[in-house]
file structure-v4.pdb (PDB, C-alpha atoms and all ligand atoms)
ATOM      1  CA  MET A   1      20.424 -14.193   2.278
ATOM      2  CA  PRO A   2      17.654 -12.179   4.018
ATOM      3  CA  ARG A   3      17.167  -8.507   3.165
ATOM      4  CA  SER A   4      19.110  -6.064   5.357
ATOM      5  CA  LEU A   5      19.515  -2.306   5.583
ATOM      6  CA  CYS A   6      23.235  -1.481   5.589
ATOM      7  CA  GLN A   7      22.645   1.739   3.673
ATOM      8  CA  ILE A   8      19.667   3.324   1.909
ATOM      9  CA  THR A   9      20.901   2.212  -1.516
ATOM     10  CA  ASP A  10      20.243  -1.408  -0.469
ATOM     11  CA  PHE A  11      16.649  -0.479  -1.351
ATOM     12  CA  THR A  12      15.229   0.506  -4.720
ATOM     13  CA  LYS A  13      13.319   3.755  -5.103
ATOM     14  CA  ASP A  14      10.053   1.743  -5.189
ATOM     15  CA  GLU A  15      10.950  -0.037  -1.962
ATOM     16  CA  VAL A  16      11.710   3.255  -0.203
ATOM     17  CA  LEU A  17       8.297   4.563  -1.302
ATOM     18  CA  GLN A  18       6.651   1.299  -0.124
ATOM     19  CA  ILE A  19       8.298   1.760   3.299
ATOM     20  CA  PHE A  20       6.959   5.352   3.548
ATOM     21  CA  ASP A  21       3.511   4.040   2.704
ATOM     22  CA  LEU A  22       3.815   1.243   5.273
ATOM     23  CA  CYS A  23       5.031   3.794   7.839
ATOM     24  CA  LYS A  24       1.978   5.985   7.262
ATOM     25  CA  LYS A  25      -0.388   3.025   7.737
ATOM     26  CA  MET A  26       1.410   1.801  10.857
ATOM     27  CA  LYS A  27       1.703   5.262  12.420
ATOM     28  CA  SER A  28      -2.018   5.951  11.928
ATOM     29  CA  GLY A  29      -2.900   2.550  13.441
ATOM     30  CA  GLU A  30      -4.555   1.349  10.218
ATOM     31  CA  ILE A  31      -2.368  -1.762  10.403
ATOM     32  CA  ALA A  32      -0.309  -3.215  13.257
ATOM     33  CA  PRO A  33       1.844  -6.102  11.981
ATOM     34  CA  LYS A  34       3.630  -8.280  14.563
ATOM     35  CA  PRO A  35       6.433  -9.888  12.523
ATOM     36  CA  LEU A  36       8.580 -10.334  15.646
ATOM     37  CA  ALA A  37       5.875 -12.116  17.692
ATOM     38  CA  GLY A  38       7.515 -14.748  19.871
ATOM     39  CA  LYS A  39      11.020 -13.671  18.814
ATOM     40  CA  SER A  40      13.836 -11.557  20.209
ATOM     41  CA  ALA A  41      15.929  -8.910  18.453
ATOM     42  CA  ALA A  42      19.505  -7.948  19.359
ATOM     43  CA  CYS A  43      20.407  -4.239  19.567
ATOM     44  CA  ILE A  44      24.206  -3.891  19.518
ATOM     45  CA  PHE A  45      25.645  -0.519  20.539
ATOM     46  CA  ALA A  46      29.370   0.197  20.233
ATOM     47  CA  LYS A  47      28.575   3.941  20.521
ATOM     48  CA  GLU A  48      26.281   5.889  22.805
ATOM     49  CA  SER A  49      22.624   6.607  21.964
ATOM     50  CA  LEU A  50      19.348   7.983  23.240
ATOM     51  CA  ARG A  51      16.961   8.046  20.245
ATOM     52  CA  THR A  52      18.213   4.949  18.421
ATOM     53  CA  ARG A  53      18.299   2.700  21.457
ATOM     54  CA  ILE A  54      14.926   3.674  22.850
ATOM     55  CA  SER A  55      13.100   3.886  19.509
ATOM     56  CA  PHE A  56      14.410   0.470  18.455
ATOM     57  CA  GLU A  57      13.573  -1.152  21.782
ATOM     58  CA  VAL A  58      10.065   0.319  21.767
ATOM     59  CA  GLY A  59       9.616  -0.480  18.073
ATOM     60  CA  ILE A  60      10.725  -4.114  18.490
ATOM     61  CA  SER A  61       8.250  -4.512  21.379
ATOM     62  CA  GLU A  62       5.465  -2.968  19.311
ATOM     63  CA  LEU A  63       6.235  -5.474  16.520
ATOM     64  CA  GLY A  64       5.657  -8.253  19.064
ATOM     65  CA  GLY A  65       9.323  -8.971  19.856
ATOM     66  CA  SER A  66      11.658  -8.676  22.852
ATOM     67  CA  PRO A  67      14.706  -6.420  22.459
ATOM     68  CA  ILE A  68      18.075  -7.445  23.884
ATOM     69  CA  TYR A  69      20.552  -4.593  24.468
ATOM     70  CA  VAL A  70      24.183  -5.582  23.911
ATOM     71  CA  THR A  71      27.182  -3.291  24.307
ATOM     72  CA  GLY A  72      30.020  -3.319  21.818
ATOM     73  CA  GLY A  73      32.565  -3.770  24.598
ATOM     74  CA  GLU A  74      30.804  -6.937  25.694
ATOM     75  CA  ILE A  75      30.798  -8.815  22.387
ATOM     76  CA  LYS A  76      33.916  -7.142  20.903
ATOM     77  CA  LEU A  77      32.814  -7.826  17.341
ATOM     78  CA  GLY A  78      35.749  -8.859  15.175
ATOM     79  CA  GLU A  79      38.079  -9.075  18.202
ATOM     80  CA  ARG A  80      36.730 -11.757  20.504
ATOM     81  CA  GLU A  81      35.595 -13.722  17.464
ATOM     82  CA  THR A  82      35.102 -13.013  13.758
ATOM     83  CA  VAL A  83      32.117 -10.998  12.588
ATOM     84  CA  SER A  84      31.077 -14.039  10.566
ATOM     85  CA  ASP A  85      31.045 -16.345  13.614
ATOM     86  CA  ALA A  86      29.134 -13.795  15.685
ATOM     87  CA  ALA A  87      26.612 -13.318  12.845
ATOM     88  CA  GLN A  88      25.959 -17.052  12.565
ATOM     89  CA  VAL A  89      25.600 -17.526  16.332
ATOM     90  CA  LEU A  90      23.298 -14.520  16.831
ATOM     91  CA  SER A  91      21.098 -15.724  13.939
ATOM     92  CA  ARG A  92      20.358 -18.894  15.940
ATOM     93  CA  TYR A  93      18.885 -16.828  18.798
ATOM     94  CA  VAL A  94      17.209 -13.723  17.398
ATOM     95  CA  GLY A  95      14.932 -12.724  14.524
ATOM     96  CA  LEU A  96      16.709  -9.446  13.693
ATOM     97  CA  ILE A  97      19.922  -7.608  14.596
ATOM     98  CA  MET A  98      20.253  -3.838  14.855
ATOM     99  CA  ILE A  99      23.788  -2.504  15.158
ATOM    100  CA  ARG A 100      25.404   0.889  15.843
ATOM    101  CA  THR A 101      29.152   0.795  15.395
ATOM    102  CA  PHE A 102      32.181   2.472  13.801
ATOM    103  CA  LYS A 103      33.061   0.502  10.678
ATOM    104  CA  GLN A 104      30.531   0.170   7.866
ATOM    105  CA  SER A 105      32.322  -3.025   6.800
ATOM    106  CA  ASP A 106      31.342  -4.681  10.124
ATOM    107  CA  VAL A 107      27.663  -4.041   9.368
ATOM    108  CA  GLU A 108      28.065  -5.327   5.811
ATOM    109  CA  ASP A 109      29.888  -8.449   7.030
ATOM    110  CA  LEU A 110      27.147  -9.114   9.588
ATOM    111  CA  ALA A 111      24.581  -8.839   6.763
ATOM    112  CA  LYS A 112      26.646 -11.190   4.615
ATOM    113  CA  TYR A 113      26.880 -13.949   7.207
ATOM    114  CA  ALA A 114      23.671 -13.608   9.259
ATOM    115  CA  SER A 115      20.536 -15.487   8.313
ATOM    116  CA  VAL A 116      18.308 -12.771   9.808
ATOM    117  CA  PRO A 117      17.912  -9.102   8.721
ATOM    118  CA  ILE A 118      20.555  -6.590   9.861
ATOM    119  CA  VAL A 119      19.602  -2.943  10.395
ATOM    120  CA  ASN A 120      22.289  -0.251  10.492
ATOM    121  CA  GLY A 121      21.661   2.070  13.436
ATOM    122  CA  LEU A 122      24.619   4.357  12.480
ATOM    123  CA  THR A 123      28.202   3.872  11.432
ATOM    124  CA  ASP A 124      30.951   6.396  10.723
ATOM    125  CA  LEU A 125      29.799   6.269   7.091
ATOM    126  CA  VAL A 126      25.977   6.379   7.186
ATOM    127  CA  HIS A 127      22.832   6.605   9.317
ATOM    128  CA  PRO A 128      20.115   5.240   7.013
ATOM    129  CA  CYS A 129      17.180   4.993   9.473
ATOM    130  CA  GLN A 130      17.708   8.636  10.412
ATOM    131  CA  ILE A 131      17.457  10.028   6.898
ATOM    132  CA  MET A 132      14.529   7.783   5.914
ATOM    133  CA  GLY A 133      12.695   9.099   8.992
ATOM    134  CA  ASP A 134      13.715  12.662   8.153
ATOM    135  CA  TYR A 135      12.380  12.475   4.603
ATOM    136  CA  TYR A 136       9.160  10.975   5.997
ATOM    137  CA  THR A 137       8.962  13.992   8.360
ATOM    138  CA  MET A 138       9.316  16.293   5.335
ATOM    139  CA  LEU A 139       6.435  14.478   3.606
ATOM    140  CA  GLU A 140       4.289  15.094   6.685
ATOM    141  CA  HIS A 141       5.243  18.733   7.256
ATOM    142  CA  LEU A 142       5.748  20.232   3.792
ATOM    143  CA  PRO A 143       3.267  20.751   0.953
ATOM    144  CA  LYS A 144       3.480  18.006  -1.694
ATOM    145  CA  LYS A 145       6.237  18.612  -4.251
ATOM    146  CA  ASP A 146       8.000  16.489  -6.887
ATOM    147  CA  LYS A 147      11.435  17.573  -5.715
ATOM    148  CA  TYR A 148      12.267  19.228  -2.408
ATOM    149  CA  THR A 149      15.264  21.462  -1.817
ATOM    150  CA  VAL A 150      17.237  20.351   1.223
ATOM    151  CA  ALA A 151      20.144  22.476   2.451
ATOM    152  CA  TYR A 152      22.571  20.710   4.772
ATOM    153  CA  VAL A 153      25.028  23.022   6.504
ATOM    154  CA  GLY A 154      27.949  21.813   8.608
ATOM    155  CA  ASP A 155      30.175  18.761   8.711
ATOM    156  CA  GLY A 156      30.057  16.373   5.750
ATOM    157  CA  ASN A 157      29.464  13.235   7.807
ATOM    158  CA  ASN A 158      27.329  10.071   8.076
ATOM    159  CA  ILE A 159      24.166  12.217   7.965
ATOM    160  CA  THR A 160      25.302  14.029   4.799
ATOM    161  CA  ASN A 161      26.309  10.723   3.186
ATOM    162  CA  SER A 162      22.876   9.266   3.921
ATOM    163  CA  TRP A 163      21.146  12.291   2.361
ATOM    164  CA  LEU A 164      23.292  11.716  -0.722
ATOM    165  CA  ASN A 165      22.281   8.051  -0.734
ATOM    166  CA  LEU A 166      18.632   9.099  -0.610
ATOM    167  CA  ALA A 167      19.249  11.584  -3.446
ATOM    168  CA  SER A 168      20.629   8.783  -5.575
ATOM    169  CA  LEU A 169      17.173   7.137  -5.397
ATOM    170  CA  ILE A 170      14.616   9.932  -4.782
ATOM    171  CA  PRO A 171      14.629  13.224  -6.756
ATOM    172  CA  LEU A 172      16.170  15.865  -4.487
ATOM    173  CA  ASP A 173      17.752  19.256  -4.854
ATOM    174  CA  PHE A 174      20.388  18.641  -2.192
ATOM    175  CA  ARG A 175      22.857  21.363  -1.323
ATOM    176  CA  ILE A 176      25.742  20.989   1.076
ATOM    177  CA  GLY A 177      27.317  24.057   2.640
ATOM    178  CA  THR A 178      30.607  22.989   4.185
ATOM    179  CA  ALA A 179      34.314  23.723   4.451
ATOM    180  CA  GLU A 180      36.710  22.411   1.804
ATOM    181  CA  ASP A 181      38.106  19.604   3.999
ATOM    182  CA  CYS A 182      34.809  18.636   5.703
ATOM    183  CA  ARG A 183      33.164  17.324   2.550
ATOM    184  CA  PRO A 184      31.175  14.081   2.470
ATOM    185  CA  ASP A 185      32.375  10.731   1.130
ATOM    186  CA  ALA A 186      33.571  11.216  -2.464
ATOM    187  CA  SER A 187      32.203   7.961  -3.915
ATOM    188  CA  ILE A 188      28.760   8.425  -2.317
ATOM    189  CA  LEU A 189      28.755  11.998  -3.675
ATOM    190  CA  GLU A 190      29.540  10.760  -7.204
ATOM    191  CA  LYS A 191      26.798   8.150  -7.017
ATOM    192  CA  ALA A 192      24.233  10.785  -6.041
ATOM    193  CA  LYS A 193      25.390  13.068  -8.867
ATOM    194  CA  ALA A 194      24.822  10.178 -11.270
ATOM    195  CA  ASN A 195      21.054  10.328 -10.605
ATOM    196  CA  SER A 196      19.880  12.772 -13.252
ATOM    197  CA  ASP A 197      16.618  13.328 -11.315
ATOM    198  CA  SER A 198      18.539  14.956  -8.421
ATOM    199  CA  ASN A 199      20.653  18.110  -8.312
ATOM    200  CA  ILE A 200      23.632  18.095  -5.980
ATOM    201  CA  LEU A 201      25.567  21.193  -5.014
ATOM    202  CA  VAL A 202      28.578  21.370  -2.706
ATOM    203  CA  THR A 203      29.513  24.914  -1.792
ATOM    204  CA  ALA A 204      31.660  26.702   0.759
ATOM    205  CA  ASP A 205      28.994  29.428   0.989
ATOM    206  CA  PRO A 206      26.259  28.557   3.543
ATOM    207  CA  LYS A 207      23.891  31.173   2.091
ATOM    208  CA  GLU A 208      24.216  29.754  -1.406
ATOM    209  CA  ALA A 209      23.218  26.359   0.036
ATOM    210  CA  ALA A 210      20.295  27.740   2.049
ATOM    211  CA  LYS A 211      18.791  30.037  -0.607
ATOM    212  CA  GLY A 212      15.091  29.256  -1.103
ATOM    213  CA  ALA A 213      15.402  25.828   0.567
ATOM    214  CA  ASP A 214      12.377  23.873   1.854
ATOM    215  CA  VAL A 215      14.482  22.322   4.616
ATOM    216  CA  ILE A 216      17.560  23.500   6.447
ATOM    217  CA  TYR A 217      19.356  20.698   8.234
ATOM    218  CA  THR A 218      22.402  20.536  10.431
ATOM    219  CA  ASP A 219      24.227  18.102  12.704
ATOM    220  CA  VAL A 220      27.026  18.252  15.281
ATOM    221  CA  TRP A 221      30.381  19.435  13.965
ATOM    222  CA  ALA A 222      32.274  16.538  15.570
ATOM    223  CA  SER A 223      30.583  13.148  15.388
ATOM    224  CA  MET A 224      30.939  10.232  17.798
ATOM    225  CA  GLY A 225      34.438   8.834  17.492
ATOM    226  CA  GLN A 226      35.730  12.276  16.381
ATOM    227  CA  LYS A 227      35.210  14.270  19.553
ATOM    228  CA  HIS A 228      38.995  14.769  19.809
ATOM    229  CA  LEU A 229      38.705  16.917  16.656
ATOM    230  CA  LYS A 230      36.102  19.166  18.262
ATOM    231  CA  GLU A 231      38.118  22.391  18.363
ATOM    232  CA  GLU A 232      39.536  21.932  14.891
ATOM    233  CA  LYS A 233      36.076  21.237  13.424
ATOM    234  CA  GLU A 234      34.590  24.152  15.309
ATOM    235  CA  SER A 235      37.036  26.630  13.834
ATOM    236  CA  LYS A 236      36.468  25.273  10.315
ATOM    237  CA  LEU A 237      32.694  25.109  10.558
ATOM    238  CA  LYS A 238      31.593  28.054  12.704
ATOM    239  CA  LYS A 239      30.465  30.050   9.676
ATOM    240  CA  TYR A 240      28.000  27.228   8.869
ATOM    241  CA  GLN A 241      26.001  27.706  12.084
ATOM    242  CA  LEU A 242      22.234  27.347  11.592
ATOM    243  CA  ASN A 243      21.047  30.676  13.018
ATOM    244  CA  SER A 244      18.261  33.168  12.272
ATOM    245  CA  SER A 245      20.183  35.039   9.608
ATOM    246  CA  LEU A 246      20.815  31.818   7.670
ATOM    247  CA  LEU A 247      17.211  30.710   8.107
ATOM    248  CA  GLU A 248      16.037  34.010   6.606
ATOM    249  CA  VAL A 249      17.656  33.063   3.315
ATOM    250  CA  ALA A 250      15.572  29.849   3.037
ATOM    251  CA  ASP A 251      11.972  29.709   1.799
ATOM    252  CA  SER A 252       9.685  31.551   4.220
ATOM    253  CA  ASN A 253       7.866  28.258   4.945
ATOM    254  CA  ALA A 254      11.067  26.261   5.341
ATOM    255  CA  ILE A 255      11.338  23.753   8.167
ATOM    256  CA  VAL A 256      14.408  23.157  10.340
ATOM    257  CA  LEU A 257      15.646  19.623  10.991
ATOM    258  CA  HIS A 258      18.485  18.266  13.140
ATOM    259  CA  CYS A 259      19.047  14.561  13.815
ATOM    260  CA  LEU A 260      19.952  15.339  17.477
ATOM    261  CA  PRO A 261      21.683  15.320  19.876
ATOM    262  CA  ALA A 262      22.354  19.020  19.263
ATOM    263  CA  GLU A 263      25.155  21.096  20.686
ATOM    264  CA  ARG A 264      23.054  24.195  21.211
ATOM    265  CA  GLY A 265      24.939  27.420  20.560
ATOM    266  CA  LYS A 266      27.396  25.624  18.271
ATOM    267  CA  GLU A 267      25.940  24.228  15.024
ATOM    268  CA  ILE A 268      22.423  25.512  15.862
ATOM    269  CA  THR A 269      21.165  28.405  17.975
ATOM    270  CA  ASP A 270      18.445  28.059  20.637
ATOM    271  CA  GLU A 271      16.400  30.595  18.731
ATOM    272  CA  VAL A 272      16.240  28.379  15.630
ATOM    273  CA  MET A 273      15.983  25.054  17.449
ATOM    274  CA  ASP A 274      13.072  26.277  19.608
ATOM    275  CA  GLY A 275      11.612  28.535  16.907
ATOM    276  CA  PRO A 276       8.328  28.114  14.975
ATOM    277  CA  GLN A 277      10.009  26.537  11.936
ATOM    278  CA  SER A 278      11.723  23.775  13.927
ATOM    279  CA  ARG A 279      10.364  20.228  13.538
ATOM    280  CA  VAL A 280      13.196  18.488  15.384
ATOM    281  CA  PHE A 281      11.011  16.697  17.927
ATOM    282  CA  ASP A 282       8.511  15.459  15.314
ATOM    283  CA  GLN A 283      11.582  14.266  13.455
ATOM    284  CA  ALA A 284      12.856  12.400  16.533
ATOM    285  CA  GLU A 285       9.436  10.784  17.025
ATOM    286  CA  ASN A 286       9.433   9.539  13.448
ATOM    287  CA  ARG A 287      12.539   7.443  14.109
ATOM    288  CA  LEU A 288      10.216   5.054  15.927
ATOM    289  CA  HIS A 289       7.642   4.908  13.135
ATOM    290  CA  ILE A 290      10.052   4.568  10.217
ATOM    291  CA  GLN A 291      12.140   1.889  11.957
ATOM    292  CA  LYS A 292       9.015  -0.162  12.678
ATOM    293  CA  ALA A 293       8.149   0.073   8.973
ATOM    294  CA  ILE A 294      11.713  -0.800   7.932
ATOM    295  CA  MET A 295      11.773  -3.857  10.237
ATOM    296  CA  ALA A 296       8.300  -4.972   9.096
ATOM    297  CA  PHE A 297       9.401  -4.595   5.469
ATOM    298  CA  LEU A 298      12.618  -6.586   5.983
ATOM    299  CA  LEU A 299      10.803  -9.337   7.902
ATOM    300  CA  GLN A 300       7.916  -9.773   5.461
TER     301      GLN A 300
HETATM  302  N1  LIG B   1      19.771  10.783  16.095
HETATM  303  C1  LIG B   1      20.268   9.735  16.764
HETATM  304  O1  LIG B   1      20.582   8.697  16.188
HETATM  305  O2  LIG B   1      20.328   9.909  18.107
HETATM  306  P1  LIG B   1      21.082   8.970  19.164
HETATM  307  O3  LIG B   1      22.546   9.105  18.885
HETATM  308  O4  LIG B   1      20.686   9.496  20.487
HETATM  309  O5  LIG B   1      20.615   7.572  18.941
HETATM  310  N1  LIG B   2      26.902  12.627  13.012
HETATM  311  C1  LIG B   2      26.454  12.271  14.334
HETATM  312  C2  LIG B   2      25.049  11.756  14.289
HETATM  313  C3  LIG B   2      24.460  11.414  15.619
HETATM  314  C4  LIG B   2      23.086  10.864  15.526
HETATM  315  C5  LIG B   2      27.397  11.236  14.924
HETATM  316  O1  LIG B   2      27.780  10.300  14.219
HETATM  317  O2  LIG B   2      27.762  11.363  16.095
END

call {"tool": "encode", "arguments": {"input": "structure-v4.pdb", "output": "structure tokens"}}
result
Amino acid sequence: MPRSLCQITDFTKDEVLQIFDLCKKMKSGEIAPKPLAGKSAACIFAKESLRTRISFEVGISELGGSPIYVTGGEIKLGERETVSDAAQVLSRYVGLIMIRTFKQSDVEDLAKYASVPIVNGLTDLVHPCQIMGDYYTMLEHLPKKDKYTVAYVGDGNNITNSWLNLASLIPLDFRIGTAEDCRPDASILEKAKANSDSNILVTADPKEAAKGADVIYTDVWASMGQKHLKEEKESKLKKYQLNSSLLEVADSNAIVLHCLPAERGKEITDEVMDGPQSRVFDQAENRLHIQKAIMAFLLQ
């Protein structure tokens, strides 16, 4: 079975560090591997996207390959045919499959039955490429430290779960400020707590989460597939808004991250998003670089 990225914990800590190193070399132009030369790669999207679609298509081209965009409604994974059949057929045509969908189990089944690497481009459970790119952005924009303090305020979602996955491998002081019933996945949370090199805090107090943090991070209150819960989430999470008064509680050199797309004026204010501490567009750019490194690593 080839290596795949279904979630960050598919890698070891050493492998994650190797990918950061590879990313640095590829981003600077020191090396330019072409592991997809002469091949195609399928990009399956059952949900909408700007960053993931474009950064994967560009990245696949820069690795020498040709991207093929496929919509979820077209292939109807698991409906028109089994995930296993689709995985085996696609593996005969392409050198890699990237997928954005709802169920994590669909991504894991693809990885089980495909004979080419699978890369998770977001599920309801996790968004591994995002958080690997975000940590890489921290390495570029923050002074070197053994353990960074990351405060995540807002909905406990796929982004939060992926931070927890990272914390189960890389030492992190990770604090989550969220409402009682918007907490992240319980088993992923327990796994992260089991890493004695990381400290995990879940609190209902956004200021307790943000205090002295190196990074303050937020994401939309209602994720894709949950937009019908928008009003309910908004009323539960409005006190977790990333605004200037929350940012003041963080370290004075803290940076602001958001995976985007942002709902300005909801989970983040314009003032913070466009302010001097925001690195959200550098963060978006790094999706391209980290995904190229991830694909090159999986294809080596
Ligand atoms: N951050 C992110 O994955 O953006 P898209 O939903 O636009 O791909
Ligand atoms: N939590 C968000 C992330 C978007 C990149 C969602 O799933 O919609």

call {"tool": "residues_around", "arguments": {"input": "structure-v4.pdb", "residues": "Cys182 in chain A", "least_positions_apart": "3", "cutoff": "6 Å", "atoms": "all atoms listed in the file", "output": "PyMOL selection string"}}
result
chain A and resi 155-156+179

call {"tool": "residues_around", "arguments": {"input": "structure-v4.pdb", "residues": "range 96-99 of chain A", "least_positions_apart": "6", "cutoff": "7 Å", "atoms": "all atoms listed in the file", "output": "number ranges by chain"}}
result
A: 41-45, 116-121

call {"tool": "closest_residue", "arguments": {"input": "structure-v4.pdb", "among": "A:Met295, A:Ala192, A:Ile176, A:Leu229", "to": "Leu164 in chain A", "atoms": "only C-alpha atoms"}}
result
A:Ala192

call {"tool": "closest_residue", "arguments": {"input": "structure-v4.pdb", "among": "A:Ser4, A:Thr9, A:Ser196, A:Ser252", "to": "Pro276 in chain A", "atoms": "all atoms listed in the file"}}
result
A:Ser252

call {"tool": "residues_around", "arguments": {"input": "structure-v4.pdb", "residues": "Asn253 in chain A", "least_positions_apart": "4", "cutoff": "12 Å", "atoms": "only C-alpha atoms", "output": "VMD selection string"}}
result
chain A and resid 141 to 143 212 to 216 247 to 249 276 to 278

call {"tool": "resolve_selection", "arguments": {"input": "structure-v4.pdb", "expression": "the PyMOL selection byres (((chain A and resi 35) around 8) and not hetatm)", "output": "PDB file with C-alpha atoms, in the coordinates of the input"}}
result
ATOM      1  CA  PRO A  33       1.844  -6.102  11.981  1.00  0.00           C
ATOM      2  CA  LYS A  34       3.630  -8.280  14.563  1.00  0.00           C
ATOM      3  CA  LEU A  36       8.580 -10.334  15.646  1.00  0.00           C
ATOM      4  CA  ALA A  37       5.875 -12.116  17.692  1.00  0.00           C
ATOM      5  CA  LEU A  63       6.235  -5.474  16.520  1.00  0.00           C
ATOM      6  CA  GLY A  64       5.657  -8.253  19.064  1.00  0.00           C
ATOM      7  CA  GLY A  65       9.323  -8.971  19.856  1.00  0.00           C
ATOM      8  CA  ALA A 296       8.300  -4.972   9.096  1.00  0.00           C
ATOM      9  CA  LEU A 299      10.803  -9.337   7.902  1.00  0.00           C
ATOM     10  CA  GLN A 300       7.916  -9.773   5.461  1.00  0.00           C
TER      11      GLN A 300
END

call {"tool": "resolve_selection", "arguments": {"input": "structure-v4.pdb", "expression": "the PyMOL selection byres (((not hetatm)) within 6 of (chain B and resi 2))", "output": "list in words"}}
result
Asn157, Asn158, Ile159, Ser223, Met224, Cys259 and Leu260 of chain A

call {"tool": "write_last_selection", "arguments": {"input": "structure-v4.pdb", "atoms": "C-alpha atoms", "output": "mmCIF file, keeping the file's coordinate frame"}}
result
data_model
loop_
_atom_site.group_PDB
_atom_site.id
_atom_site.type_symbol
_atom_site.label_atom_id
_atom_site.label_comp_id
_atom_site.auth_asym_id
_atom_site.auth_seq_id
_atom_site.Cartn_x
_atom_site.Cartn_y
_atom_site.Cartn_z
ATOM 1 C CA ASN A 157 29.464 13.235 7.807
ATOM 2 C CA ASN A 158 27.329 10.071 8.076
ATOM 3 C CA ILE A 159 24.166 12.217 7.965
ATOM 4 C CA SER A 223 30.583 13.148 15.388
ATOM 5 C CA MET A 224 30.939 10.232 17.798
ATOM 6 C CA CYS A 259 19.047 14.561 13.815
ATOM 7 C CA LEU A 260 19.952 15.339 17.477
#

call {"tool": "resolve_selection", "arguments": {"input": "structure-v4.pdb", "expression": "the PyMOL selection byres (((chain A and resi 56) around 9) and not hetatm)", "output": "number ranges by chain"}}
result
A: 43, 51-55, 57-61, 67, 98, 121, 287-288, 291-292

call {"tool": "write_last_selection", "arguments": {"input": "structure-v4.pdb", "atoms": "C-alpha atoms", "output": "PDB file, in the frame of the given file"}}
result
ATOM      1  CA  CYS A  43      20.407  -4.239  19.567  1.00  0.00           C
ATOM      2  CA  ARG A  51      16.961   8.046  20.245  1.00  0.00           C
ATOM      3  CA  THR A  52      18.213   4.949  18.421  1.00  0.00           C
ATOM      4  CA  ARG A  53      18.299   2.700  21.457  1.00  0.00           C
ATOM      5  CA  ILE A  54      14.926   3.674  22.850  1.00  0.00           C
ATOM      6  CA  SER A  55      13.100   3.886  19.509  1.00  0.00           C
ATOM      7  CA  GLU A  57      13.573  -1.152  21.782  1.00  0.00           C
ATOM      8  CA  VAL A  58      10.065   0.319  21.767  1.00  0.00           C
ATOM      9  CA  GLY A  59       9.616  -0.480  18.073  1.00  0.00           C
ATOM     10  CA  ILE A  60      10.725  -4.114  18.490  1.00  0.00           C
ATOM     11  CA  SER A  61       8.250  -4.512  21.379  1.00  0.00           C
ATOM     12  CA  PRO A  67      14.706  -6.420  22.459  1.00  0.00           C
ATOM     13  CA  MET A  98      20.253  -3.838  14.855  1.00  0.00           C
ATOM     14  CA  GLY A 121      21.661   2.070  13.436  1.00  0.00           C
ATOM     15  CA  ARG A 287      12.539   7.443  14.109  1.00  0.00           C
ATOM     16  CA  LEU A 288      10.216   5.054  15.927  1.00  0.00           C
ATOM     17  CA  GLN A 291      12.140   1.889  11.957  1.00  0.00           C
ATOM     18  CA  LYS A 292       9.015  -0.162  12.678  1.00  0.00           C
TER      19      LYS A 292
END
